Structure formats: structure tokens, C-alpha cells
$ cat target-v9.txt   # compact mmCIF, C-alpha atoms
# COMPACT_ATOMS: atom_id res chain seq x y z
CA MET X 1 104.72 86.35 119.32
CA SER X 2 104.09 85.55 115.67
CA ASP X 3 101.87 82.60 116.55
CA PHE X 4 99.92 84.78 118.98
CA SER X 5 99.43 87.41 116.27
CA ALA X 6 98.42 84.82 113.68
CA CYS X 7 95.67 83.47 115.94
CA PHE X 8 94.00 86.85 116.37
CA LEU X 9 94.64 88.00 112.79
CA LEU X 10 92.49 85.10 111.67
CA ILE X 11 89.34 87.03 112.66
CA PHE X 12 89.69 89.25 109.57
CA GLY X 13 90.03 86.30 107.21
CA GLN X 14 87.04 84.56 108.74
CA MET X 15 84.95 87.72 108.47
CA ALA X 16 85.77 88.04 104.76
CA VAL X 17 85.00 84.42 103.86
CA GLY X 18 81.91 84.16 106.04
CA GLY X 19 80.66 87.45 104.66
CA MET X 20 80.80 86.09 101.13
CA PHE X 21 78.59 83.19 102.18
CA ALA X 22 76.14 85.59 103.85
CA LEU X 23 75.91 87.79 100.75
CA ALA X 24 74.09 84.95 99.02
CA ILE X 25 71.20 85.15 101.50
CA PRO X 26 69.60 88.55 100.69
CA PRO X 27 67.79 88.33 97.32
CA PHE X 28 69.98 89.93 94.68
CA ALA X 29 67.03 90.96 92.49
CA VAL X 30 65.18 92.73 95.30
CA ILE X 31 67.90 94.83 96.96
CA GLU X 32 69.78 97.58 95.12
CA ARG X 33 73.35 96.92 94.03
CA GLY X 34 74.62 99.58 96.44
CA PHE X 35 74.12 97.23 99.38
CA PHE X 36 76.18 94.49 97.77
CA LYS X 37 78.86 96.96 96.68
CA SER X 38 79.35 98.48 100.12
CA THR X 39 79.21 95.17 101.97
CA ALA X 40 81.54 93.38 99.54
CA ALA X 41 83.97 96.31 99.83
CA LEU X 42 83.97 95.82 103.61
CA PHE X 43 84.81 92.14 103.25
CA LEU X 44 87.47 92.92 100.66
CA GLY X 45 89.09 95.24 103.19
CA CYS X 46 89.05 92.46 105.81
CA ALA X 47 90.62 90.02 103.34
CA LEU X 48 93.35 92.53 102.44
CA LEU X 49 94.11 93.14 106.11
CA PHE X 50 94.41 89.43 106.75
CA LEU X 51 96.62 88.79 103.72
CA ALA X 52 98.89 91.74 104.52
CA GLY X 53 99.21 90.58 108.12
CA ARG X 54 99.99 86.98 107.13
CA VAL X 55 102.62 88.08 104.65
CA ASP X 56 104.21 90.30 107.29
CA LEU X 57 104.31 87.42 109.79
CA VAL X 58 105.80 85.08 107.21
CA LEU X 59 108.49 87.58 106.26
CA ARG X 60 109.43 87.98 109.90
CA ARG X 61 109.98 84.22 110.07
CA SER X 62 112.23 83.66 107.06
CA GLU X 63 112.33 79.90 107.67
CA SER X 64 108.61 79.71 106.84
CA LEU X 65 109.20 80.95 103.31
CA ALA X 66 110.52 77.53 102.32
CA ALA X 67 107.40 75.73 103.51
CA ALA X 68 105.25 74.68 100.57
CA GLY X 69 102.14 74.73 102.76
CA THR X 70 102.70 78.36 103.72
CA LEU X 71 103.22 79.42 100.12
CA ALA X 72 100.10 77.53 99.05
CA GLU X 73 98.08 79.17 101.82
CA LEU X 74 99.24 82.65 100.86
CA GLY X 75 98.56 81.90 97.21
CA ALA X 76 95.02 80.81 98.04
CA TRP X 77 94.38 84.02 99.98
CA LEU X 78 95.82 86.11 97.16
CA GLY X 79 93.53 84.33 94.73
CA PHE X 80 90.58 85.00 97.03
CA VAL X 81 91.42 88.70 97.31
CA LEU X 82 91.71 89.04 93.52
CA ALA X 83 88.49 87.10 92.94
CA LEU X 84 86.64 89.17 95.54
CA ALA X 85 87.93 92.37 93.94
CA ARG X 86 86.70 91.11 90.56
CA TYR X 87 83.29 90.31 92.03
CA LEU X 88 83.08 93.82 93.43
CA TRP X 89 84.03 95.24 90.04
CA THR X 90 81.34 93.21 88.24
CA LEU X 91 78.65 94.75 90.46
CA TRP X 92 78.97 97.94 88.42
CA GLY X 93 77.89 96.09 85.28
CA ASP X 94 74.59 94.68 84.09
CA ALA X 95 75.66 91.13 83.24
CA GLY X 96 74.05 88.97 85.92
CA ALA X 97 75.79 85.81 84.73
CA ARG X 98 79.18 87.48 85.04
CA VAL X 99 78.39 88.61 88.59
CA ALA X 100 77.30 85.09 89.51
CA ARG X 101 80.46 83.51 88.09
CA ALA X 102 82.66 86.01 89.90
CA TYR X 103 80.80 85.38 93.15
CA VAL X 104 81.10 81.58 92.92
CA THR X 105 84.81 81.87 92.12
CA ALA X 106 85.46 84.16 95.07
CA LEU X 107 83.44 81.95 97.41
CA GLY X 108 85.27 78.80 96.33
CA LEU X 109 88.72 80.33 96.65
CA GLY X 110 87.84 81.84 100.01
CA THR X 111 86.71 78.47 101.35
CA ILE X 112 89.92 76.82 100.16
CA ALA X 113 92.04 79.60 101.67
CA LEU X 114 90.29 79.40 105.03
CA ALA X 115 90.61 75.61 105.10
CA ALA X 116 94.35 75.91 104.39
CA THR X 117 94.75 78.37 107.24
CA ALA X 118 92.69 76.19 109.56
CA LEU X 119 94.93 73.19 108.92
CA SER X 120 98.04 75.30 109.52
CA HIS X 121 96.91 75.79 113.14
CA ARG X 122 96.81 72.11 114.09
CA PRO X 123 100.33 71.40 115.47
CA ALA X 124 99.11 69.83 118.72
CA LEU X 125 97.00 67.15 117.04
CA SER X 126 97.43 64.55 114.35
CA PRO X 127 97.93 66.16 110.92
CA GLY X 128 95.71 63.59 109.23
CA ILE X 129 91.97 63.05 109.43
CA VAL X 130 91.82 64.55 112.93
CA GLY X 131 92.91 67.93 111.62
CA HIS X 132 90.27 67.90 108.91
CA LEU X 133 87.52 66.79 111.29
CA LEU X 134 88.31 69.36 113.96
CA TYR X 135 89.86 72.48 112.51
CA VAL X 136 88.12 73.09 109.20
CA PRO X 137 84.49 72.88 110.49
CA ALA X 138 85.31 74.96 113.57
CA PHE X 139 86.97 77.71 111.55
CA LEU X 140 84.30 77.64 108.85
CA THR X 141 81.27 77.83 111.17
CA GLY X 142 82.98 80.62 113.10
CA ALA X 143 83.48 82.45 109.81
CA LEU X 144 79.83 81.95 108.86
CA THR X 145 78.70 83.42 112.19
CA LEU X 146 80.96 86.45 111.82
CA GLY X 147 79.90 87.00 108.22
CA ALA X 148 76.21 86.58 108.97
CA VAL X 149 76.10 89.10 111.81
CA ALA X 150 78.20 91.62 109.86
CA THR X 151 75.97 91.31 106.80
CA GLY X 152 72.88 91.60 108.98
CA LEU X 153 74.22 94.82 110.44
CA SER X 154 74.99 96.15 106.97
CA LEU X 155 71.54 95.25 105.66
CA GLY X 156 69.88 96.85 108.67
CA HIS X 157 71.58 100.13 107.81
CA TRP X 158 70.41 99.82 104.20
CA TYR X 159 66.83 100.31 105.39
CA LEU X 160 67.80 103.92 106.14
CA ILE X 161 68.46 104.36 102.42
CA ASP X 162 65.75 102.22 100.85
CA LEU X 163 62.73 103.13 102.95
CA GLY X 164 60.36 101.01 100.90
CA LEU X 165 62.34 97.79 101.16
CA SER X 166 60.38 94.80 102.46
CA ILE X 167 61.40 93.44 105.84
CA ALA X 168 61.54 89.91 104.41
CA PRO X 169 65.26 90.07 103.39
CA LEU X 170 66.28 91.11 106.91
CA LYS X 171 64.22 88.31 108.44
CA ARG X 172 65.78 85.84 106.04
CA LEU X 173 69.29 86.98 106.93
CA PHE X 174 68.42 86.91 110.63
CA ARG X 175 67.35 83.25 110.36
CA PHE X 176 70.63 82.48 108.61
CA PHE X 177 72.54 84.19 111.44
CA VAL X 178 70.77 82.18 114.13
CA GLY X 179 71.32 78.97 112.18
CA CYS X 180 75.04 79.74 111.93
CA VAL X 181 75.31 80.40 115.67
CA VAL X 182 73.55 77.12 116.50
CA ALA X 183 75.73 75.21 114.02
CA HIS X 184 78.90 76.81 115.40
CA LEU X 185 77.94 75.96 118.97
CA GLY X 186 77.27 72.36 117.95
CA VAL X 187 80.60 72.14 116.13
CA LEU X 188 82.46 73.49 119.19
CA VAL X 189 80.93 70.80 121.39
CA ALA X 190 81.66 68.10 118.81
CA THR X 191 85.22 69.39 118.43
CA ALA X 192 85.88 69.04 122.15
CA LEU X 193 84.48 65.51 122.18
CA LEU X 194 86.35 64.37 119.07
CA ALA X 195 89.61 65.91 120.24
CA GLY X 196 89.49 63.75 123.33
CA LEU X 197 88.46 60.60 121.48
CA LEU X 198 90.61 60.72 118.34
CA SER X 199 93.94 62.00 119.59
CA ALA X 200 96.05 61.49 122.71
CA THR X 201 97.55 64.96 122.32
CA GLY X 202 94.04 66.34 121.89
CA ALA X 203 92.96 64.69 125.13
CA ALA X 204 95.97 66.17 126.88
CA ALA X 205 95.16 69.61 125.50
CA LEU X 206 91.57 69.24 126.73
CA ALA X 207 92.82 68.28 130.18
CA THR X 208 95.02 71.36 130.25
CA LEU X 209 92.12 73.51 129.12
CA TRP X 210 89.82 72.10 131.77
CA HIS X 211 92.28 72.38 134.65
CA ASP X 212 93.90 75.72 133.81
CA HIS X 213 91.39 77.69 131.76
CA GLN X 214 87.88 76.89 133.00
CA ALA X 215 86.99 80.57 133.36
CA LEU X 216 88.19 81.24 129.82
CA VAL X 217 86.03 78.45 128.39
CA ALA X 218 82.96 79.62 130.33
CA THR X 219 83.48 83.21 129.23
CA ARG X 220 83.97 82.12 125.62
CA LEU X 221 80.62 80.31 125.61
CA VAL X 222 78.55 82.72 127.71
CA PHE X 223 79.70 85.93 126.05
CA GLY X 224 79.96 84.35 122.62
CA PRO X 225 77.37 82.02 121.07
CA LEU X 226 75.02 81.94 124.07
CA ALA X 227 74.85 85.72 124.25
CA ALA X 228 74.37 85.84 120.47
CA LEU X 229 71.41 83.45 120.75
CA GLY X 230 69.86 85.59 123.48
CA LEU X 231 70.23 88.66 121.30
CA GLY X 232 68.81 86.67 118.42
CA TYR X 233 65.60 86.21 120.38
CA LEU X 234 65.40 89.96 120.96
CA ILE X 235 66.02 90.65 117.27
CA HIS X 236 63.26 88.19 116.39
CA ARG X 237 60.78 89.96 118.66
CA THR X 238 61.80 93.33 117.25
CA LEU X 239 61.35 92.21 113.65
CA GLU X 240 57.87 90.99 114.49
CA ILE X 241 56.78 94.55 115.37
CA PRO X 242 58.37 95.30 112.80
CA GLN X 243 61.10 97.78 113.74
CA THR X 244 64.18 97.58 111.56
CA MET X 245 66.18 100.28 113.32
CA ALA X 246 65.81 98.66 116.72
CA ALA X 247 66.80 95.34 115.15
CA THR X 248 69.88 97.01 113.66
CA GLY X 249 70.84 98.32 117.07
CA LEU X 250 70.59 94.79 118.46
CA PHE X 251 72.76 93.56 115.58
CA TYR X 252 75.39 96.04 116.83
CA ILE X 253 75.39 94.28 120.19
CA ALA X 254 75.27 90.86 118.52
CA ILE X 255 78.38 91.54 116.46
CA LEU X 256 80.19 92.48 119.67
CA ALA X 257 79.10 89.19 121.25
CA VAL X 258 80.25 87.18 118.24
CA MET X 259 83.57 89.06 118.06
CA VAL X 260 84.24 88.60 121.78
CA GLY X 261 83.47 84.90 121.49
CA GLU X 262 85.76 84.43 118.50
CA LEU X 263 88.58 86.45 120.07
CA LEU X 264 88.39 84.31 123.20
CA GLY X 265 88.33 81.27 120.93
CA ARG X 266 91.55 82.47 119.32
CA LEU X 267 93.06 82.84 122.80
CA ILE X 268 92.16 79.20 123.48
CA LEU X 269 93.71 78.29 120.13
CA PHE X 270 96.93 80.09 121.08
CA ARG X 271 97.16 78.47 124.52
CA THR X 272 96.11 74.91 123.70
CA ALA X 273 96.03 74.65 119.85
CA LEU X 274 92.39 73.53 120.13
CA PRO X 275 90.02 75.23 117.62
CA LEU X 276 87.42 76.27 120.16

$ encode --input "target-v9.txt" --output "C-alpha cells"
Amino acid sequence: MSDFSACFLLIFGQMAVGGMFALAIPPFAVIERGFFKSTAALFLGCALLFLAGRVDLVLRRSESLAAAGTLAELGAWLGFVLALARYLWTLWGDAGARVARAYVTALGLGTIALAATALSHRPALSPGIVGHLLYVPAFLTGALTLGAVATGLSLGHWYLIDLGLSIAPLKRLFRFFVGCVVAHLGVLVATALLAGLLSATGAAALATLWHDHQALVATRLVFGPLAALGLGYLIHRTLEIPQTMAATGLFYIAILAVMVGELLGRLILFRTALPL
């Protein structure tokens, strides 16, 4: 039950790390600090939820406390939470250099923490180069997609507050979102191919996935990245009008598509240990 919980809890950690990447896309000098404060606070909440959940799962499995890898992973997430909190605190000041340093620190620690968690989910495959090639890119591109769509939704709402804001930042963030979805879809395909080529246990897991969970795989793709790309086209057409509120409504649907896809991906991870 703990492994099942850990797979789905990962969504919160991915959202937090991916969101920090996405916060670099809207121009900091053009948009008011309030947008960055509210959005960073959202991602801080996601990071806290993930860390609290991971600590709870570790405490329920007392044997895991002795594992150096588990302690290092939790330490990395704690460092990310503290760095993200510091970044949020610096947004109330006027020192741009201090904000930038805090942001880079939080982003770096978040990436390390997510990579550590990704590698902790690779028991079915070789722990060496295969784990790094398969798990880290899959988890990271999934995080980028989650963070991009969440930040796009947050920025869309900001247009209700700043009525004179140019539509250019939302278009820029939209292009980042679509790029993340395309990259994630490509990584998922590459992951499936490499799993079968680089590891015998990976090939066996793929065979199990194909024979027993075809409907799950199809649903994960159709209602995940493919649906997000379809909605991306609609958002593009809406932004060309331009109509920011309609685009924000479509971002609502897009975040549901991305979340459904990632949740189904975590179900595949639980059943086969494949990061799809």
C-alpha cells in the first residue's frame, strides 16, 4: 500500500518542481510580483504536501529509515522546500539579484530532489545507466508539463487583475506548455523502446504491460498528452482572437487532461515499475 501511495503522491512533487521551471517563462519585469507570489505559494504548498506524505510513508516503514538513499532523497526535498520558501520571501523585497539567486537555488535543489525520487522508483530495471536514461527524463518532462499547464492557468487568471497586461506573456507560456507536452510524449515513446532494448526485466515489464494493460496504455496516451495537444490547438486559436478568458477556460480542461494522464502513468508505474 505504501508503494501505491508513493506513486500517486509523486504528482505533487512533480507539480512543484515543474512549476518552478515554468515560472522562468513569463517576463519578470513585465508582470507584477503578485503573480509570482501567488503562483510560487501554490507550488510551495504542493512541495510541502509531497514532503509530508513521503515522510509519513517512510515512518510507516521503519526499515526504510536506515537506507541512505531514502534519507538523501528526503534531505533534498527538505532543501527544496526551504529554498522555495526563501524564494517566495524574497519576492517581497526589491533586490532583483537576491530573487534570482533564490530562484536558481530552489530550481537546482528541486531538480536534484525529483531525480532522486525518480531513481527510487526503478526496482524492476537495472539500477545503473538504465535507471538514469529511463526514469529521470520521464519524471522530469512529466513535471515540466504539469508545471507549465498550472502556471498557464495561474497567468490566465492574472489577466482579470491586470487588465492592461499584454497577451504576449500568455502566448509565450502557452508555447512552452505545448513544447513540454511534445517533449514528454517523445520521452515516453523513447522510454518504452529503451526499456525493451537495454534491460531484460524492462522487456518483460513491457510484455506484461502490452498483454495485460493495453486499455490502460491507450487511455493514458489519449486522455493525457494527445488530449493536451488537441486542447493546445484550441488555446492557440483562442489567443489569436485574442480572448484570454476563453483561453484560461481551456487551460482548466488542459490541466485535467495532463493530471489524468500523469495519474494513469503513476498507475502504470505501480503495476509494472515502468515510468510511463

$ closest_residue --input "target-v9.txt" --among "X:Leu209, X:Ala148, X:Ala6, X:Leu155" --to "Val55 in chain X" --atoms "only C-alpha atoms"
X:Ala6

$ closest_residue --input "target-v9.txt" --among "X:Leu231, X:Val58, X:Ala207, X:Leu239" --to "Leu193 in chain X" --atoms "only C-alpha atoms"
X:Ala207

$ closest_residue --input "target-v9.txt" --among "X:Ala113, X:Val178, X:Leu48, X:Ala257" --to "Ile235 in chain X" --atoms "only C-alpha atoms"
X:Val178

$ residues_around --input "target-v9.txt" --residues "Thr191 in chain X" --least-positions-apart "4" --cutoff "8 Å" --atoms "only C-alpha atoms" --output "list in words"
Leu133, Leu134, Ala138, Val187, Ala195, Pro275 and Leu276 of chain X

$ closest_residue --input "target-v9.txt" --among "X:Ala116, X:Pro26, X:Tyr103, X:Arg172" --to "Gly69 in chain X" --atoms "only C-alpha atoms"
X:Ala116

$ closest_residue --input "target-v9.txt" --among "X:Ala150, X:Ala228, X:Cys7, X:Ala118" --to "Ser38 in chain X" --atoms "all atoms listed in the file"
X:Ala150

$ atom_distance --input "target-v9.txt" --atom1 "CA of Gly232 in chain X" --atom2 "CA of Phe251 in chain X"
8.4 Å

$ closest_residue --input "target-v9.txt" --among "X:Leu140, X:Ala97, X:Leu264, X:Leu256" --to "Thr117 in chain X" --atoms "all atoms listed in the file"
X:Leu140

$ residues_around --input "target-v9.txt" --residues "range 89-94 of chain X" --least-positions-apart "6" --cutoff "12 Å" --atoms "all atoms listed in the file" --output "PyMOL selection string"
chain X and resi 28-29+32-41+44+82-83+100-103

$ residues_near_point --input "target-v9.txt" --point "(69.2, 82.9, 113.5)" --cutoff "12 Å" --atoms "all atoms listed in the file" --output "PyMOL selection string"
chain X and resi 144-145+148-149+152+170-184+225+228-236+251+254

$ atom_distance --input "target-v9.txt" --atom1 "CA of Phe50 in chain X" --atom2 "CA of Leu269 in chain X"
17.4 Å

$ atom_distance --input "target-v9.txt" --atom1 "CA of Gly156 in chain X" --atom2 "CA of Ile112 in chain X"
29.6 Å

$ residues_around --input "target-v9.txt" --residues "Phe12 in chain X" --least-positions-apart "4" --cutoff "8 Å" --atoms "only C-alpha atoms" --output "number ranges by chain"
X: 16, 46-47, 49-50
